[in-house]
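Student: First the structure, which I've put down as structure tokens, then a few questions once you've had a look.
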Amino acid sequence: MTDQLAPAPPLVESVQHDAPPGDTTRRRFIGYLLATPMLAVAVRLELDDADRAAALPEPSDLIDLGDLIIAAEAAYQYNLRLDVTADNRVRFELPRLEKGQGVATALTLIVADEIDARLADTDVVLSDARLDRPFTITGSSNNVRAMWGPARVVAAAARARLVTAASRRWNVPAHTLVTRDTMVVAPDGRSATYGELSAEAAAVLIPAVPSTTKPASQRRLIGTPTGRVDARDIVTGKAQYALDVDVPGAVPTVVARPPDIKGTVITYDDTVARAMSGVVAVTRIPSGIAVSARTYDEALKARDALQIHWARGPLAGVSDATIRQRLKQINLPLTVPGILVGKVDATFEFPYVAHAPLEVQSAVADVRADRAEVWIASQTPVFALQEVAAAVGLPQHAVTLHVTRAGGSFGRRLFCEPAVEAALVSKAIGRPVKLMWTRVDDMRHGRFRPMSQHSLRATFLLGNVLSFEHRVAAAETDFRHGFGEMLTAAGAELYNGGYGQTAFHTTTKVPYDFPIADQLLVEQDFGVPTGSWRAIYSGFTATANEIMVDELARRLGKDPVLFRRQRLETARTRAVLDRVATAGSWGRSMTPGTAQGVAIHEEYRSSVAYLVEIDTRGVEPRATKVVVAVDVGVPINPKGLEAQLQGAFIDAWSTMFRAQAHIDDGRVRESSFSDFRWARMQHSPPVMEVHVLPPTTDEPGGAGELGIPAASAAAVNAYARATGTSPRRFPIGQ
Amino acid sequence: MPIQVLNVNGSVVNVDVPDDMAMLWVLRDLLAVNGPKYGCGVGVCGACTSHLDAAAFRPCITPVSVCANVPVTTIEGLADGDVLHPVQQAWIDEDVAQCGYCQPGQIMTAVALIAANPDPSDADIDAAMSENVCRCGTYVRIRAAIKRAAAQIRTNP
């Protein structure tokens, strides 16, 4: 997964225009044969100026945030690389982060299917940061959406050249050859592996068959439930995360950090620490005092021996209550008067939540006088490269950044603090450094899903909903990970108020046919570090909507499934709702203290419904059964989808019932998984079934974040029905 | 510094470290045994779980001296050559892993559970796995894999 890549060959040997038959546009796919002895294809879409204007979506066509990200990448989307090696391996460099969401497996399926290779012969490796893909971002559940077209195009271009090479070798017409199992096969039964043909294919300038992608009817792998391609590496301990990469001489390094958020060092004394066993260096960096030693054990013990006088941080005196109060003050008013009509008003409060991926923040850096090399699991590799270059004073082209697999992310790795810290220490001590945040560092100095306050009002008359208003006041989400530059590149018209407003309005929709549906966001920066957390604004906004919809249905005396069904705008969402209602036996008789709850969500061009059964009779509530139905347009790997939607429920349960980060007098209260009460086995439902609907469109939608709002609301709706309460502040158990 | 004689995954090695060095860092930083992961450093997340003799233990809070002369098995030592342990195989068959970071610890905990309790109930699994955090939320598949592996081991002990 984290193979270190040789630099791409500098020479572009040839340019070839493959105009697909019947192509009525002037767009041309340009296949670049890289100057290597074996077939190495980089393909990009070449547009003249007129085409470029026509090809890029108009801002008004940009339906959601995923579209914006894809549009920003459009000019660079074909900057990809696929190699066919002599040992018959198809190797695709994926410009995305594998962080457990299964994108590497999904792309293995897509590439192997298109090029007609066996899955076992196909390797998807994580691409280094590429300066010719400046807006690469693993986010907004757009990986499959964004790679779907380009990955198939590059695979089809390679396949056409392999077929052409076989045609020349055997002197038979190319169109009579077929491809399967990483081979080209002739009508007379002769066959050659791609590996055998690769060198000859590298010399093919103009393929004798079109480089067009397959129609859906000819796909044989896409849609097949497939286990993770790296499963064996994981269960044998071979999977390599950043700190497992063997960089010779890299010195284990930890950082003494302040007790306060953004506290600073006044003075420190490292006399004792420096004399301790194994200590290599003590380095002051902006975030604290770094200690490098032979082992992490020795680094941690020496860190604890440092005598540091800390200044209080900028949030001294600020606690949750302060922020909560301020959010109430700044939230915008509801505007529809509730007179002469029926109305339901509700408020909801969501806390700060740590991302807390199980792999702590970490990076390896080797900074020399004229160059630097960095290893980090990054969702924004070019941003990370730029941050490192700026921090150590090197030009960007002198920095190589390798993307390693991530042990979870949930949005956390949009930022890259450990890469900068490791680079600064490496530069200072003149040695490669592997820098690790402790779990306490991660909990106290990480980033958080922002706290939010929600005020909602729905009005109705004679059983008809007239209006649905939602006002969100939230701590500001920090998008300063290259997001602004990306939106500008996408040509997106920014909503007043900037990036947060743009992200809010391109992600949060009310999926019902309410005559007035109006959602507004107001944000304030309180100084608590924040970052996009799985599902960004939808994670709390759409969750609040779906809890409100249940309360509205209850007030109107309607069944929650029927109420939604009659008002949903899209057939796709109705279909997933119907599926869970049927599969989950909605409305079955339940014992007092237990209940069902339901909710839906549509985003990322996908729809999902959750039906949750809850038991509230024990010491704490527990979900006893979860039924999910999902429509992602084109399912690539149903097993991966199942995993995403099951995992989303655990996130939902944890955030709605158990875990939060408290701010106490400018500090984060929690320190580890002992007090950040994330769900464990004994809090998880023993049964979760996921129904993946067959293809409904031609384009795959996103799924990584899709489950969060519906899972969260369905669980809370079940709790509300089981207990006869109306939860207002989350997590419920705190 | 004292020489510690260790037996890790069947290999005997000597390391020159203080008695109180946490075994996790001996494994990772000195022996390049990287399967056990750091997740918390205080024994609450379970990502480093390995076996000391046949018992599951937490290398992040276990001094190296405690491990001296006792067989230590990490995730790397669980398979018999290329033949996976039934629990590892069940993990693949149920497609348990997502990011994979916690799974070495989950697997080692599950192996110890099944060794002690060949037919664990849901409640037994809840109790035995209660100190292993999976941030991706793979619990439902871990549960299925434990039941699958236990059944496999009962059939072919």
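Order determines the names: the first chain of the structure tokens is A, the second B, and so forth; residues in each chain are numbered 1 upward, and ligands are numbered 1 upward as they are shown.
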Kindly determine which residues of chain B lie within 6 Å of chain A, considering only C-alpha atoms, and give the answer as a list of chain:residue names.
Tutor: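 Residues satisfying the distance criterion: B:Trp25, B:Asp29, B:Gly35, B:Gly39, B:Cys40, B:Ile75, B:Glu76, B:Gln88, B:Ile92, B:Asp95, B:Gln98, B:Cys99, B:Gly100, B:Tyr101, B:Asp126, B:Ser130, B:Val133, B:Arg135, B:Cys136, B:Gly137, B:Tyr139.
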Student: For the residues selected in the previous step, produce a file with N, CA and C atoms as a CSV table (one decimal), in the first residue's frame.
Tutor:
chain,number,residue,atom,x,y,z
B,25,TRP,N,7.7,-0.7,23.3
B,25,TRP,CA,8.8,0.0,22.6
B,25,TRP,C,10.0,-0.8,22.4
B,29,ASP,N,10.6,-0.4,18.6
B,29,ASP,CA,11.8,0.5,18.3
B,29,ASP,C,13.1,-0.3,18.2
B,35,GLY,N,3.8,-5.1,14.5
B,35,GLY,CA,2.4,-5.5,14.5
B,35,GLY,C,1.6,-4.9,15.7
B,39,GLY,N,-1.8,2.9,20.7
B,39,GLY,CA,-3.1,3.6,20.6
B,39,GLY,C,-3.4,4.5,21.8
B,40,CYS,N,-2.8,4.2,22.9
B,40,CYS,CA,-3.1,5.0,24.1
B,40,CYS,C,-1.9,5.1,25.1
B,75,ILE,N,1.1,-10.4,16.9
B,75,ILE,CA,0.3,-10.8,15.7
B,75,ILE,C,1.2,-11.5,14.7
B,76,GLU,N,2.5,-11.0,14.6
B,76,GLU,CA,3.3,-11.6,13.5
B,76,GLU,C,3.6,-13.1,13.8
B,88,GLN,N,-7.4,-15.5,12.5
B,88,GLN,CA,-7.0,-14.6,11.4
B,88,GLN,C,-7.8,-14.9,10.1
B,92,ILE,N,-10.5,-12.5,7.8
B,92,ILE,CA,-10.5,-12.3,6.4
B,92,ILE,C,-11.9,-12.7,5.8
B,95,ASP,N,-14.4,-10.3,6.4
B,95,ASP,CA,-14.0,-8.9,5.9
B,95,ASP,C,-14.1,-7.9,7.1
B,98,GLN,N,-11.3,-2.5,8.7
B,98,GLN,CA,-11.4,-1.3,7.8
B,98,GLN,C,-10.0,-0.6,7.8
B,99,CYS,N,-9.7,0.3,8.7
B,99,CYS,CA,-8.4,0.9,8.7
B,99,CYS,C,-7.3,-0.2,9.1
B,100,GLY,N,-7.7,-1.1,10.0
B,100,GLY,CA,-6.8,-2.2,10.3
B,100,GLY,C,-6.0,-1.9,11.5
B,101,TYR,N,-5.9,-0.7,12.0
B,101,TYR,CA,-5.0,-0.4,13.1
B,101,TYR,C,-5.2,-1.1,14.4
B,126,ASP,N,-19.0,-9.7,24.4
B,126,ASP,CA,-19.1,-8.3,24.9
B,126,ASP,C,-18.1,-8.1,26.0
B,130,SER,N,-14.3,-6.0,25.6
B,130,SER,CA,-14.8,-4.7,26.1
B,130,SER,C,-13.7,-3.7,26.2
B,133,VAL,N,-10.7,-1.0,21.6
B,133,VAL,CA,-11.5,0.1,20.9
B,133,VAL,C,-11.2,-0.1,19.4
B,135,ARG,N,-12.1,2.2,16.3
B,135,ARG,CA,-12.7,3.5,15.9
B,135,ARG,C,-13.5,3.5,14.6
B,136,CYS,N,-13.2,2.5,13.8
B,136,CYS,CA,-14.0,2.4,12.5
B,136,CYS,C,-15.3,1.8,12.8
B,137,GLY,N,-15.5,1.1,13.9
B,137,GLY,CA,-16.8,0.5,14.3
B,137,GLY,C,-17.0,-0.8,13.6
B,139,TYR,N,-17.3,-3.7,15.0
B,139,TYR,CA,-17.7,-4.7,16.1
B,139,TYR,C,-18.6,-5.8,15.6
Student: Report the residues of region 357-438 of chain A whose backbone DSSP state falls under strand (DSSP E), written as a ChimeraX atom specification.
Tutor: /A:362-367,372-376,399-403,433-436
Student: Using only C-alpha atoms, which of the listed residues (B:Ile142, B:Ala123, B:Ala149, B:Leu24) sits closest to Thr49 (chain B)?
Tutor: B:Leu24
Student: Contacts of Ala68 (chain B) at 7 Å or less, counting only C-alpha atoms, minus same-chain residues fewer than 4 places along, as a ChimeraX atom specification?
Tutor: /B:4-6,64
Student: Using only C-alpha atoms, which of the listed residues (B:Cys102, B:Leu78, B:Glu131, B:Asp124) sits closest to Val42 (chain B)?
Tutor: B:Glu131
Student: Name the residues of region 225-340 of chain A that fall into helix (DSSP H, G or I) according to DSSP on the backbone, using the chain letters and numbers of this document, as an MDAnalysis selection string.
Tutor: chainID A and resid 231:235 242:244 271:274 296:305 320:330
Student: Let me see the file: selected residues, C-alpha atoms, as a PDB file, in the first residue's frame.
Tutor:
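Final file, selection.pdb:
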ATOM      1  CA  ALA A 231      -6.970  -7.971   4.569  1.00  0.00           C
ATOM      2  CA  ARG A 232      -4.137 -10.480   4.833  1.00  0.00           C
ATOM      3  CA  ASP A 233      -1.559  -7.780   5.493  1.00  0.00           C
ATOM      4  CA  ILE A 234      -3.766  -6.423   8.250  1.00  0.00           C
ATOM      5  CA  VAL A 235      -4.406  -9.714  10.036  1.00  0.00           C
ATOM      6  CA  ALA A 242       3.551   5.971   8.945  1.00  0.00           C
ATOM      7  CA  LEU A 243       5.485   4.908  12.040  1.00  0.00           C
ATOM      8  CA  ASP A 244       6.002   1.392  10.658  1.00  0.00           C
ATOM      9  CA  THR A 271      19.255  19.566  31.987  1.00  0.00           C
ATOM     10  CA  VAL A 272      17.862  16.413  33.558  1.00  0.00           C
ATOM     11  CA  ALA A 273      16.109  15.250  30.409  1.00  0.00           C
ATOM     12  CA  ARG A 274      19.188  15.550  28.238  1.00  0.00           C
ATOM     13  CA  TYR A 296       9.704   6.203  22.359  1.00  0.00           C
ATOM     14  CA  ASP A 297       9.904   4.859  25.891  1.00  0.00           C
ATOM     15  CA  GLU A 298      13.037   6.907  26.546  1.00  0.00           C
ATOM     16  CA  ALA A 299      11.648   9.929  24.702  1.00  0.00           C
ATOM     17  CA  LEU A 300       8.466   9.860  26.806  1.00  0.00           C
ATOM     18  CA  LYS A 301      10.361   9.503  30.093  1.00  0.00           C
ATOM     19  CA  ALA A 302      12.686  12.367  29.178  1.00  0.00           C
ATOM     20  CA  ARG A 303       9.723  14.485  28.092  1.00  0.00           C
ATOM     21  CA  ASP A 304       8.246  13.980  31.544  1.00  0.00           C
ATOM     22  CA  ALA A 305      11.536  15.106  33.113  1.00  0.00           C
ATOM     23  CA  ASP A 320     -18.404  24.739  27.256  1.00  0.00           C
ATOM     24  CA  ALA A 321     -21.032  26.847  29.002  1.00  0.00           C
ATOM     25  CA  THR A 322     -19.423  30.065  27.745  1.00  0.00           C
ATOM     26  CA  ILE A 323     -19.481  28.874  24.157  1.00  0.00           C
ATOM     27  CA  ARG A 324     -22.953  27.417  24.427  1.00  0.00           C
ATOM     28  CA  GLN A 325     -24.282  30.713  25.744  1.00  0.00           C
ATOM     29  CA  ARG A 326     -22.580  32.673  22.997  1.00  0.00           C
ATOM     30  CA  LEU A 327     -23.955  30.384  20.291  1.00  0.00           C
ATOM     31  CA  LYS A 328     -27.459  31.009  21.630  1.00  0.00           C
ATOM     32  CA  GLN A 329     -26.836  34.726  21.388  1.00  0.00           C
ATOM     33  CA  ILE A 330     -25.564  34.723  17.830  1.00  0.00           C
TER      34      ILE A 330
END
Student: Please measure the separation of CA of Ser726 (chain A) and CA of Ala629 (chain A), giving the value in Å to one decimal.
Tutor: 25.9 Å
Student: With only C-alpha atoms as the basis for distance, which of A:Asp578, A:Asp366, A:Asp83, A:Glu387 is at the shortest distance from Leu435 (chain A)?
Tutor: A:Asp366
Student: Do you know which residues are at most 10 Å from Gly149 (chain A) counting only C-alpha atoms, after dropping those on the same chain fewer than 5 positions away, and could you put them as a PyMOL selection string?
Tutor: chain A and resi 77-78+110+144+154+213+699
Student: What is the CA of Ile536 (chain A) to CA of Pro700 (chain A) distance in Å?
Tutor: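 Computing it gives 20.6 Å between the two atoms.
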Student: What's the 8 Å shell around Gly500 (chain A), counting only C-alpha atoms, without same-chain residues fewer than 2 positions away, as a ChimeraX atom specification?
Tutor: /A:476-477,479,497-498,502-504
Student: Can you spit out the residues from that selection as a CSV table (one decimal), in the first residue's frame, using C-alpha atoms?
Tutor:
chain,number,residue,atom,x,y,z
A,476,GLU,CA,-16.4,27.8,13.1
A,477,THR,CA,-15.2,24.9,11.1
A,479,PHE,CA,-11.2,24.8,6.3
A,497,GLY,CA,-19.6,34.5,4.6
A,498,GLY,CA,-17.0,32.4,2.8
A,502,THR,CA,-20.4,27.5,0.8
A,503,ALA,CA,-19.8,24.1,2.3
A,504,PHE,CA,-22.9,24.4,4.4
Student: Could you name the residues that touch Ile61 (chain B) at 10 Å or less, counting only C-alpha atoms, but leaving out those on the same chain fewer than 3 positions away, as a PyMOL selection string?
Tutor: chain B and resi 20-24+40-44+48+57-58+64
Student: Could the residues in this selection be saved with C-alpha atoms as a PDB file, in the first residue's frame?
Tutor:
ATOM      1  CA  ASP B  20      11.164  -0.602  33.314  1.00  0.00           C
ATOM      2  CA  MET B  21      11.084   0.010  29.557  1.00  0.00           C
ATOM      3  CA  ALA B  22       7.594  -0.716  28.257  1.00  0.00           C
ATOM      4  CA  MET B  23       7.624  -3.890  26.180  1.00  0.00           C
ATOM      5  CA  LEU B  24       5.775  -2.158  23.326  1.00  0.00           C
ATOM      6  CA  CYS B  40      -3.101   5.014  24.112  1.00  0.00           C
ATOM      7  CA  GLY B  41       0.007   3.969  26.041  1.00  0.00           C
ATOM      8  CA  VAL B  42      -2.021   3.373  29.196  1.00  0.00           C
ATOM      9  CA  GLY B  43      -3.674   0.028  28.522  1.00  0.00           C
ATOM     10  CA  VAL B  44      -7.164   1.278  27.707  1.00  0.00           C
ATOM     11  CA  CYS B  48      -0.975  -3.446  21.249  1.00  0.00           C
ATOM     12  CA  PHE B  57      -1.334  -8.725  27.774  1.00  0.00           C
ATOM     13  CA  ARG B  58      -0.792  -5.038  27.061  1.00  0.00           C
ATOM     14  CA  VAL B  64      10.279  -5.568  29.654  1.00  0.00           C
TER      15      VAL B  64
END
Student: At a cut-off of 12 Å, using only C-alpha atoms, what residues contact Ser217 (chain A)? Leave out same-chain residues fewer than 5 positions from it and give the result as a compact mmCIF listing (two decimals) with C-alpha atoms, in the first residue's frame.
Tutor:
# COMPACT_ATOMS: atom_id res chain seq x y z
CA ASP A 113 -12.53 -4.57 -14.44
CA GLU A 114 -11.74 -1.95 -17.06
CA ILE A 222 -17.72 -3.87 -10.34
CA GLY A 223 -20.61 -4.61 -8.02
CA PRO A 695 -27.61 0.02 -9.66
CA ASP A 698 -24.84 5.41 -14.33
Student: May I ask which of the residues B:Cys60, B:Val140, B:Ala151, B:Val70 is the closest one to Ala90 (chain B), counting only C-alpha atoms?
Tutor: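 When distances to Ala90 (chain B) are compared using only C-alpha atoms, the smallest one comes from B:Ala151.
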